[in-house]
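Peer 1: My structure is stored as work-v4.cif, with mmCIF, C-alpha atoms, pLDDT in the B column; chains and numbers go by the auth columns.
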data_structure
#
loop_
_atom_site.group_PDB
_atom_site.id
_atom_site.type_symbol
_atom_site.label_atom_id
_atom_site.label_comp_id
_atom_site.label_asym_id
_atom_site.label_seq_id
_atom_site.Cartn_x
_atom_site.Cartn_y
_atom_site.Cartn_z
_atom_site.B_iso_or_equiv
_atom_site.auth_seq_id
_atom_site.auth_asym_id
ATOM 1 C CA MET A 1 -14.105 8.646 18.216 49.00 1 Q
ATOM 2 C CA ARG A 2 -13.094 5.013 18.280 53.00 2 Q
ATOM 3 C CA ARG A 3 -9.510 3.854 18.592 55.00 3 Q
ATOM 4 C CA ILE A 4 -7.797 2.476 15.470 50.00 4 Q
ATOM 5 C CA THR A 5 -5.903 -0.767 16.070 47.00 5 Q
ATOM 6 C CA MET A 6 -3.830 -3.121 13.945 45.00 6 Q
ATOM 7 C CA GLU A 7 -6.445 -5.823 14.540 55.00 7 Q
ATOM 8 C CA GLU A 8 -8.513 -4.020 11.931 85.00 8 Q
ATOM 9 C CA ILE A 9 -6.045 -5.064 9.220 93.00 9 Q
ATOM 10 C CA ARG A 10 -6.386 -8.519 7.669 94.00 10 Q
ATOM 11 C CA GLU A 11 -5.357 -10.364 4.527 95.00 11 Q
ATOM 12 C CA MET A 12 -7.377 -9.441 1.462 97.00 12 Q
ATOM 13 C CA CYS A 13 -9.584 -12.162 0.002 96.00 13 Q
ATOM 14 C CA LEU A 14 -11.592 -12.481 -3.221 96.00 14 Q
ATOM 15 C CA ALA A 15 -14.748 -11.329 -1.429 96.00 15 Q
ATOM 16 C CA ASP A 16 -13.057 -7.949 -0.765 96.00 16 Q
ATOM 17 C CA ILE A 17 -12.438 -7.131 -4.426 96.00 17 Q
ATOM 18 C CA GLU A 18 -15.742 -5.321 -5.023 96.00 18 Q
ATOM 19 C CA ALA A 19 -15.087 -2.897 -2.131 96.00 19 Q
ATOM 20 C CA VAL A 20 -11.438 -2.515 -3.142 97.00 20 Q
ATOM 21 C CA LEU A 21 -12.504 -1.599 -6.684 96.00 21 Q
ATOM 22 C CA ARG A 22 -14.694 1.218 -5.281 96.00 22 Q
ATOM 23 C CA ILE A 23 -11.659 2.547 -3.373 96.00 23 Q
ATOM 24 C CA GLU A 24 -9.517 2.193 -6.523 94.00 24 Q
ATOM 25 C CA LYS A 25 -11.974 4.251 -8.582 94.00 25 Q
ATOM 26 C CA GLU A 26 -12.058 6.991 -5.905 93.00 26 Q
ATOM 27 C CA SER A 27 -8.276 7.065 -5.696 91.00 27 Q
ATOM 28 C CA PHE A 28 -6.717 6.537 -9.118 90.00 28 Q
ATOM 29 C CA SER A 29 -7.271 7.858 -12.630 87.00 29 Q
ATOM 30 C CA LEU A 30 -6.376 4.422 -14.052 89.00 30 Q
ATOM 31 C CA PRO A 31 -7.799 1.949 -11.525 92.00 31 Q
ATOM 32 C CA TRP A 32 -6.878 -1.717 -11.545 94.00 32 Q
ATOM 33 C CA SER A 33 -9.479 -4.240 -12.708 96.00 33 Q
ATOM 34 C CA ALA A 34 -11.018 -7.087 -10.738 97.00 34 Q
ATOM 35 C CA ALA A 35 -8.936 -9.512 -12.822 97.00 35 Q
ATOM 36 C CA ALA A 36 -5.739 -7.697 -11.835 97.00 36 Q
ATOM 37 C CA PHE A 37 -6.568 -8.081 -8.146 97.00 37 Q
ATOM 38 C CA GLU A 38 -7.565 -11.717 -8.637 97.00 38 Q
ATOM 39 C CA ASN A 39 -4.188 -12.377 -10.278 96.00 39 Q
ATOM 40 C CA GLU A 40 -2.384 -10.665 -7.414 96.00 40 Q
ATOM 41 C CA LEU A 41 -4.262 -12.693 -4.804 97.00 41 Q
ATOM 42 C CA ASN A 42 -3.352 -15.911 -6.624 96.00 42 Q
ATOM 43 C CA ASN A 43 0.359 -15.052 -6.826 97.00 43 Q
ATOM 44 C CA PRO A 44 2.377 -16.600 -3.965 96.00 44 Q
ATOM 45 C CA ASP A 45 4.824 -13.666 -4.017 97.00 45 Q
ATOM 46 C CA THR A 46 2.230 -10.936 -3.467 97.00 46 Q
ATOM 47 C CA PHE A 47 0.641 -9.900 -0.201 98.00 47 Q
ATOM 48 C CA TYR A 48 -2.469 -7.715 0.070 98.00 48 Q
ATOM 49 C CA TYR A 49 -4.252 -6.473 3.176 97.00 49 Q
ATOM 50 C CA VAL A 50 -7.482 -4.586 3.846 96.00 50 Q
ATOM 51 C CA TRP A 51 -8.245 -2.067 6.578 95.00 51 Q
ATOM 52 C CA ILE A 52 -11.632 -2.986 8.037 93.00 52 Q
ATOM 53 C CA GLU A 53 -13.985 -0.719 9.978 88.00 53 Q
ATOM 54 C CA ASP A 54 -17.548 -1.687 10.809 83.00 54 Q
ATOM 55 C CA ASP A 55 -17.078 -4.889 8.775 84.00 55 Q
ATOM 56 C CA GLU A 56 -16.335 -2.881 5.614 88.00 56 Q
ATOM 57 C CA PRO A 57 -12.984 -2.426 3.810 92.00 57 Q
ATOM 58 C CA MET A 58 -12.017 1.252 4.105 93.00 58 Q
ATOM 59 C CA GLY A 59 -8.545 0.884 2.623 95.00 59 Q
ATOM 60 C CA TYR A 60 -6.073 -1.616 1.277 97.00 60 Q
ATOM 61 C CA ALA A 61 -2.409 -2.056 0.442 97.00 61 Q
ATOM 62 C CA GLY A 62 -0.179 -4.645 -1.125 97.00 62 Q
ATOM 63 C CA PHE A 63 3.381 -5.495 -1.956 98.00 63 Q
ATOM 64 C CA TRP A 64 5.427 -7.906 -4.022 97.00 64 Q
ATOM 65 C CA LYS A 65 8.225 -9.960 -2.474 97.00 65 Q
ATOM 66 C CA ILE A 66 11.226 -10.115 -4.789 96.00 66 Q
ATOM 67 C CA LEU A 67 13.986 -12.087 -3.029 95.00 67 Q
ATOM 68 C CA THR A 68 14.894 -9.832 -0.081 95.00 68 Q
ATOM 69 C CA ASP A 69 13.193 -6.706 -1.464 97.00 69 Q
ATOM 70 C CA GLY A 70 9.567 -5.640 -1.220 97.00 70 Q
ATOM 71 C CA ASN A 71 7.779 -3.376 -3.676 97.00 71 Q
ATOM 72 C CA ILE A 72 4.631 -1.624 -2.465 97.00 72 Q
ATOM 73 C CA THR A 73 2.258 -1.732 -5.422 96.00 73 Q
ATOM 74 C CA ASN A 74 -0.859 -0.007 -4.097 93.00 74 Q
ATOM 75 C CA ILE A 75 -2.090 1.763 -1.014 95.00 75 Q
ATOM 76 C CA ALA A 76 -5.387 3.619 -0.903 94.00 76 Q
ATOM 77 C CA PHE A 77 -8.259 4.550 1.374 95.00 77 Q
ATOM 78 C CA SER A 78 -11.809 5.606 0.680 92.00 78 Q
ATOM 79 C CA GLN A 79 -12.201 9.384 0.705 89.00 79 Q
ATOM 80 C CA SER A 80 -14.001 9.317 4.057 87.00 80 Q
ATOM 81 C CA ALA A 81 -11.096 7.454 5.692 87.00 81 Q
ATOM 82 C CA ARG A 82 -8.258 9.699 4.513 86.00 82 Q
ATOM 83 C CA GLY A 83 -6.232 12.142 6.576 85.00 83 Q
ATOM 84 C CA GLN A 84 -6.695 10.413 9.928 85.00 84 Q
ATOM 85 C CA GLY A 85 -3.424 8.504 10.352 87.00 85 Q
ATOM 86 C CA ARG A 86 -4.558 5.213 8.855 91.00 86 Q
ATOM 87 C CA GLY A 87 -2.119 5.345 5.948 90.00 87 Q
ATOM 88 C CA GLN A 88 0.871 5.743 8.225 92.00 88 Q
ATOM 89 C CA LYS A 89 -0.257 2.756 10.317 93.00 89 Q
ATOM 90 C CA LEU A 90 -0.906 0.635 7.236 94.00 90 Q
ATOM 91 C CA VAL A 91 2.556 1.369 5.805 95.00 91 Q
ATOM 92 C CA ALA A 92 4.126 0.469 9.173 95.00 92 Q
ATOM 93 C CA PHE A 93 2.098 -2.771 9.128 95.00 93 Q
ATOM 94 C CA LEU A 94 3.387 -3.607 5.615 96.00 94 Q
ATOM 95 C CA LYS A 95 6.981 -3.033 6.713 96.00 95 Q
ATOM 96 C CA GLU A 96 6.477 -5.261 9.745 95.00 96 Q
ATOM 97 C CA LYS A 97 4.956 -8.057 7.636 95.00 97 Q
ATOM 98 C CA ALA A 98 7.728 -7.713 5.046 96.00 98 Q
ATOM 99 C CA GLY A 99 10.410 -7.937 7.742 95.00 99 Q
ATOM 100 C CA GLN A 100 8.830 -11.120 9.080 94.00 100 Q
ATOM 101 C CA MET A 101 9.247 -12.593 5.581 94.00 101 Q
ATOM 102 C CA GLY A 102 12.965 -11.775 5.474 95.00 102 Q
ATOM 103 C CA ILE A 103 12.609 -8.647 3.368 96.00 103 Q
ATOM 104 C CA THR A 104 15.386 -6.174 4.191 96.00 104 Q
ATOM 105 C CA ALA A 105 14.331 -3.188 2.049 97.00 105 Q
ATOM 106 C CA MET A 106 11.140 -1.850 0.472 97.00 106 Q
ATOM 107 C CA THR A 107 10.548 0.444 -2.458 97.00 107 Q
ATOM 108 C CA LEU A 108 7.601 2.215 -4.044 97.00 108 Q
ATOM 109 C CA GLU A 109 6.696 4.835 -6.629 96.00 109 Q
ATOM 110 C CA VAL A 110 4.575 7.855 -5.774 96.00 110 Q
ATOM 111 C CA ARG A 111 3.318 10.791 -7.816 93.00 111 Q
ATOM 112 C CA LYS A 112 5.708 13.710 -7.424 95.00 112 Q
ATOM 113 C CA SER A 113 2.741 15.973 -6.549 94.00 113 Q
ATOM 114 C CA ASN A 114 1.304 13.672 -3.838 92.00 114 Q
ATOM 115 C CA ALA A 115 2.700 15.525 -0.827 93.00 115 Q
ATOM 116 C CA ALA A 116 0.410 13.768 1.664 91.00 116 Q
ATOM 117 C CA ALA A 117 1.544 10.286 0.584 93.00 117 Q
ATOM 118 C CA ILE A 118 5.200 11.346 0.463 95.00 118 Q
ATOM 119 C CA ALA A 119 4.925 12.619 4.051 94.00 119 Q
ATOM 120 C CA VAL A 120 3.366 9.308 5.179 94.00 120 Q
ATOM 121 C CA TYR A 121 6.173 7.343 3.551 96.00 121 Q
ATOM 122 C CA GLN A 122 8.868 9.603 5.015 96.00 122 Q
ATOM 123 C CA LYS A 123 7.400 9.152 8.505 95.00 123 Q
ATOM 124 C CA ASN A 124 7.847 5.422 7.926 95.00 124 Q
ATOM 125 C CA GLY A 125 11.527 5.739 7.017 96.00 125 Q
ATOM 126 C CA PHE A 126 11.264 5.953 3.229 97.00 126 Q
ATOM 127 C CA GLN A 127 13.663 8.297 1.476 97.00 127 Q
ATOM 128 C CA ILE A 128 13.569 9.644 -2.071 96.00 128 Q
ATOM 129 C CA ALA A 129 16.111 7.704 -4.112 96.00 129 Q
ATOM 130 C CA GLY A 130 15.301 8.694 -7.688 96.00 130 Q
ATOM 131 C CA MET A 131 12.667 9.608 -10.230 95.00 131 Q
ATOM 132 C CA ARG A 132 10.876 7.854 -13.096 94.00 132 Q
ATOM 133 C CA LYS A 133 10.108 10.372 -15.835 94.00 133 Q
ATOM 134 C CA ASP A 134 6.491 10.322 -17.089 89.00 134 Q
ATOM 135 C CA TYR A 135 5.722 7.187 -15.063 89.00 135 Q
ATOM 136 C CA TYR A 136 2.054 8.079 -14.516 90.00 136 Q
ATOM 137 C CA ARG A 137 -0.708 8.714 -17.077 89.00 137 Q
ATOM 138 C CA LYS A 138 -3.983 10.624 -16.780 88.00 138 Q
ATOM 139 C CA PRO A 139 -2.444 13.050 -15.950 90.00 139 Q
ATOM 140 C CA ALA A 140 1.136 12.484 -17.062 91.00 140 Q
ATOM 141 C CA GLU A 141 3.503 12.959 -14.165 91.00 141 Q
ATOM 142 C CA ASP A 142 6.886 11.864 -12.870 93.00 142 Q
ATOM 143 C CA ALA A 143 7.125 9.345 -10.044 94.00 143 Q
ATOM 144 C CA LEU A 144 9.467 9.619 -7.108 96.00 144 Q
ATOM 145 C CA ILE A 145 11.157 6.337 -6.219 97.00 145 Q
ATOM 146 C CA MET A 146 11.358 5.862 -2.474 97.00 146 Q
ATOM 147 C CA TRP A 147 13.293 3.225 -0.480 97.00 147 Q
ATOM 148 C CA ALA A 148 13.313 2.168 3.157 97.00 148 Q
ATOM 149 C CA GLU A 149 15.456 -0.279 5.057 96.00 149 Q
ATOM 150 C CA ILE A 150 13.670 -2.815 7.196 94.00 150 Q
ATOM 151 C CA LYS A 151 15.491 -2.919 10.507 81.00 151 Q
ATOM 152 C CA LYS A 152 15.613 -6.032 12.674 67.00 152 Q
ATOM 153 C CA GLU A 153 13.549 -4.400 15.461 56.00 153 Q
ATOM 154 C CA GLU A 154 10.685 -3.855 12.955 54.00 154 Q
ATOM 155 C CA THR A 155 10.430 -7.598 12.380 52.00 155 Q
ATOM 156 C CA GLN A 156 9.746 -8.655 15.956 53.00 156 Q
#
For this file, produce the structure as C-alpha coordinates.
Peer 2:
Amino acid sequence: MRRITMEEIREMCLADIEAVLRIEKESFSLPWSAAAFENELNNPDTFYYVWIEDDEPMGYAGFWKILTDGNITNIAFSQSARGQGRGQKLVAFLKEKAGQMGITAMTLEVRKSNAAAIAVYQKNGFQIAGMRKDYYRKPAEDALIMWAEIKKEETQ
(Lines of atoms letter the chains of each structure in order from A and count residues from 1; the text may use other names and numbers.)
(Lines give C-alpha, C1' and ligand atoms only; values in the text may rest on other atoms or scores of the structure.)
Protein backbone atom coordinates (compact mmCIF):
# COMPACT_ATOMS: atom_id res chain seq x y z
CA MET A 1 0.00 0.00 0.00
CA ARG A 2 1.41 3.38 -0.91
CA ARG A 3 1.86 6.19 1.58
CA ILE A 4 -0.59 9.11 1.45
CA THR A 5 1.08 12.52 1.61
CA MET A 6 -0.11 16.12 1.58
CA GLU A 7 1.72 16.60 -1.72
CA GLU A 8 -1.21 14.79 -3.30
CA ILE A 9 -3.48 17.76 -2.53
CA ARG A 10 -3.51 20.71 -4.93
CA GLU A 11 -5.75 23.62 -5.86
CA MET A 12 -8.75 22.66 -7.95
CA CYS A 13 -8.83 23.97 -11.51
CA LEU A 14 -11.49 24.03 -14.24
CA ALA A 15 -10.05 20.86 -15.78
CA ASP A 16 -10.91 18.97 -12.56
CA ILE A 17 -14.64 19.73 -12.68
CA GLU A 18 -15.63 16.65 -14.71
CA ALA A 19 -13.99 14.29 -12.17
CA VAL A 20 -15.36 16.31 -9.25
CA LEU A 21 -18.88 16.02 -10.69
CA ARG A 22 -18.53 12.20 -10.74
CA ILE A 23 -17.55 12.31 -7.04
CA GLU A 24 -20.47 14.68 -6.33
CA LYS A 25 -22.97 12.30 -7.95
CA GLU A 26 -21.59 9.34 -5.93
CA SER A 27 -21.74 11.33 -2.71
CA PHE A 28 -24.79 13.59 -2.64
CA SER A 29 -28.48 13.26 -3.45
CA LEU A 30 -28.50 16.84 -4.78
CA PRO A 31 -25.10 17.26 -6.45
CA TRP A 32 -23.74 20.63 -7.47
CA SER A 33 -23.60 21.49 -11.18
CA ALA A 34 -20.55 22.29 -13.27
CA ALA A 35 -21.67 25.94 -13.32
CA ALA A 36 -21.74 26.02 -9.51
CA PHE A 37 -18.15 24.80 -9.34
CA GLU A 38 -17.08 27.22 -12.07
CA ASN A 39 -18.60 30.08 -10.06
CA GLU A 40 -16.80 28.93 -6.93
CA LEU A 41 -13.46 28.72 -8.73
CA ASN A 42 -13.93 32.26 -10.05
CA ASN A 43 -14.75 33.71 -6.62
CA PRO A 44 -11.69 35.22 -4.89
CA ASP A 45 -13.10 34.30 -1.46
CA THR A 46 -13.46 30.57 -2.12
CA PHE A 47 -10.75 27.95 -2.01
CA TYR A 48 -11.11 24.44 -3.45
CA TYR A 49 -8.61 21.59 -3.44
CA VAL A 50 -8.47 18.13 -5.01
CA TRP A 51 -6.90 14.95 -3.64
CA ILE A 52 -4.93 13.37 -6.48
CA GLU A 53 -3.86 9.74 -6.78
CA ASP A 54 -2.42 8.27 -9.96
CA ASP A 55 -3.06 11.62 -11.70
CA GLU A 56 -6.81 11.37 -11.00
CA PRO A 57 -8.91 13.39 -8.52
CA MET A 58 -10.17 10.97 -5.85
CA GLY A 59 -11.66 13.62 -3.58
CA TYR A 60 -12.11 17.33 -3.13
CA ALA A 61 -13.00 19.95 -0.55
CA GLY A 62 -13.60 23.66 -0.40
CA PHE A 63 -14.31 26.54 1.90
CA TRP A 64 -15.42 30.15 1.83
CA LYS A 65 -13.42 32.86 3.59
CA ILE A 66 -15.72 35.31 5.34
CA LEU A 67 -13.56 37.88 7.17
CA THR A 68 -11.83 35.78 9.85
CA ASP A 69 -14.19 32.79 9.57
CA GLY A 70 -14.09 29.88 7.15
CA ASN A 71 -17.08 27.82 6.08
CA ILE A 72 -16.41 24.36 4.67
CA THR A 73 -18.88 23.97 1.81
CA ASN A 74 -18.09 20.51 0.45
CA ILE A 75 -15.87 17.56 1.16
CA ALA A 76 -16.23 14.25 -0.64
CA PHE A 77 -14.28 11.27 -1.92
CA SER A 78 -15.04 8.68 -4.54
CA GLN A 79 -16.47 5.50 -3.02
CA SER A 80 -13.23 3.59 -3.59
CA ALA A 81 -11.24 6.19 -1.63
CA ARG A 82 -13.43 6.36 1.47
CA GLY A 83 -12.67 4.98 4.92
CA GLN A 84 -8.89 5.12 4.64
CA GLY A 85 -8.01 8.30 6.54
CA ARG A 86 -7.99 10.67 3.58
CA GLY A 87 -10.90 12.75 4.84
CA GLN A 88 -9.22 13.45 8.15
CA LYS A 89 -6.04 14.56 6.36
CA LEU A 90 -7.97 16.73 3.93
CA VAL A 91 -9.85 18.50 6.74
CA ALA A 92 -6.54 19.11 8.56
CA PHE A 93 -5.14 20.52 5.29
CA LEU A 94 -8.13 22.90 4.96
CA LYS A 95 -7.64 24.13 8.52
CA GLU A 96 -3.95 24.72 7.88
CA LYS A 97 -4.65 26.66 4.67
CA ALA A 98 -7.38 28.68 6.40
CA GLY A 99 -5.05 29.57 9.27
CA GLN A 100 -2.44 30.79 6.80
CA MET A 101 -5.09 33.17 5.44
CA GLY A 102 -5.82 34.63 8.88
CA ILE A 103 -8.95 32.60 9.51
CA THR A 104 -9.40 31.98 13.24
CA ALA A 105 -12.45 29.67 13.21
CA MET A 106 -14.16 27.31 10.77
CA THR A 107 -17.70 26.03 10.57
CA LEU A 108 -19.61 23.46 8.54
CA GLU A 109 -22.94 21.66 8.33
CA VAL A 110 -23.17 17.88 8.28
CA ARG A 111 -26.10 15.47 8.09
CA LYS A 112 -27.08 14.41 11.60
CA SER A 113 -26.93 10.75 10.49
CA ASN A 114 -23.43 10.96 8.95
CA ALA A 115 -21.51 9.43 11.85
CA ALA A 116 -18.36 8.82 9.81
CA ALA A 117 -18.06 12.47 8.75
CA ILE A 118 -18.89 13.71 12.26
CA ALA A 119 -16.09 11.54 13.67
CA VAL A 120 -13.62 12.93 11.09
CA TYR A 121 -14.56 16.49 12.00
CA GLN A 122 -14.34 15.81 15.74
CA LYS A 123 -10.84 14.34 15.29
CA ASN A 124 -9.94 17.67 13.69
CA GLY A 125 -11.20 19.73 16.63
CA PHE A 126 -14.73 20.50 15.44
CA GLN A 127 -17.45 20.51 18.07
CA ILE A 128 -21.22 20.42 17.64
CA ALA A 129 -22.53 23.93 18.22
CA GLY A 130 -26.13 23.73 17.02
CA MET A 131 -28.60 22.28 14.57
CA ARG A 132 -30.39 23.48 11.42
CA LYS A 133 -33.82 21.87 11.24
CA ASP A 134 -34.66 20.26 7.87
CA TYR A 135 -31.50 21.70 6.28
CA TYR A 136 -31.05 18.81 3.83
CA ARG A 137 -33.42 17.51 1.13
CA LYS A 138 -33.64 14.11 -0.57
CA PRO A 139 -33.96 12.84 2.12
CA ALA A 140 -35.05 15.59 4.49
CA GLU A 141 -32.78 15.70 7.50
CA ASP A 142 -31.44 18.07 10.13
CA ALA A 143 -27.87 19.36 9.91
CA LEU A 144 -25.49 19.60 12.81
CA ILE A 145 -23.52 22.85 12.87
CA MET A 146 -19.92 22.26 13.86
CA TRP A 147 -17.21 24.82 14.75
CA ALA A 148 -13.47 24.61 15.28
CA GLU A 149 -10.94 27.17 16.40
CA ILE A 150 -7.83 27.54 14.30
CA LYS A 151 -4.91 27.68 16.69
CA LYS A 152 -1.71 29.56 15.89
CA GLU A 153 0.37 26.34 15.77
CA GLU A 154 -1.91 25.04 12.95
CA THR A 155 -0.94 27.98 10.76
CA GLN A 156 2.81 27.40 10.70
Peer 1: At a cut-off of 9 Å from (-5.3, -9.0, -2.5) in the coordinates of the file, what residues are picked up using all atoms listed in the file, written as a list in words?
Peer 2: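 Protein, DNA and RNA residues close to (-5.3, -9.0, -2.5): Glu11, Met12, Cys13, Leu14, Asp16, Ile17, Val20, Phe37, Glu38, Asn39, Glu40, Leu41, Asn42, Thr46, Phe47, Tyr48, Tyr49, Val50, Tyr60, Ala61 and Gly62 of chain Q.
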Peer 1: Could you pull the residues within 9 Å of region 104-114 of chain Q, counting all atoms listed in the file, minus those fewer than 6 positions along the same chain, as a list in words?
Peer 2: Phe63, Thr68, Asp69, Gly70, Asn71, Ile72, Thr73, Asn74, Lys95, Ala98, Phe126, Met131, Arg132, Tyr135, Tyr136, Glu141, Asp142, Ala143, Leu144, Ile145, Met146, Trp147, Ala148, Glu149, Ile150, Lys151 and Lys152 of chain Q
Peer 1: Can you work out the spacing between CA of Ile103 (chain Q) and CA of Gly59 (chain Q) in Å, to one decimal?
Peer 2: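 Atom-to-atom, CA of Ile103 (chain Q) and CA of Gly59 (chain Q) are spaced 23.2 Å apart.
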Peer 1: Using CA of Trp64 (chain Q) and CA of Ala117 (chain Q) as the two end points, give the distance in Å to one decimal.
Peer 2: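 So the two atoms, CA of Trp64 (chain Q) and CA of Ala117 (chain Q), lie 19.2 Å apart.
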Peer 1: Do you have the CA of Ile118 (chain Q)-CA of Phe93 (chain Q) distance handy?
Peer 2: 16.9 Å
Peer 1: Might you spell out which residues the PyMOL selection byres ((chain Q and resi 24) around 12) would select in the displayed file, as a PyMOL selection string?
Peer 2: chain Q and resi 17-23+25-34+36-37+57-61+74-79
Peer 1: Considering all atoms listed in the file, state which residue in the set Q:Ala140, Q:Leu90, Q:Glu8, Q:Arg82 is at the smallest distance from Ala116 (chain Q).
Peer 2: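 Smallest distance to Ala116 (chain Q) is found for Q:Arg82.
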Peer 1: Which of these, Q:Lys133, Q:Trp51, Q:Val91, Q:Glu96, has the shortest distance to Tyr121 (chain Q) once you count only C-alpha atoms?
Peer 2: Q:Val91
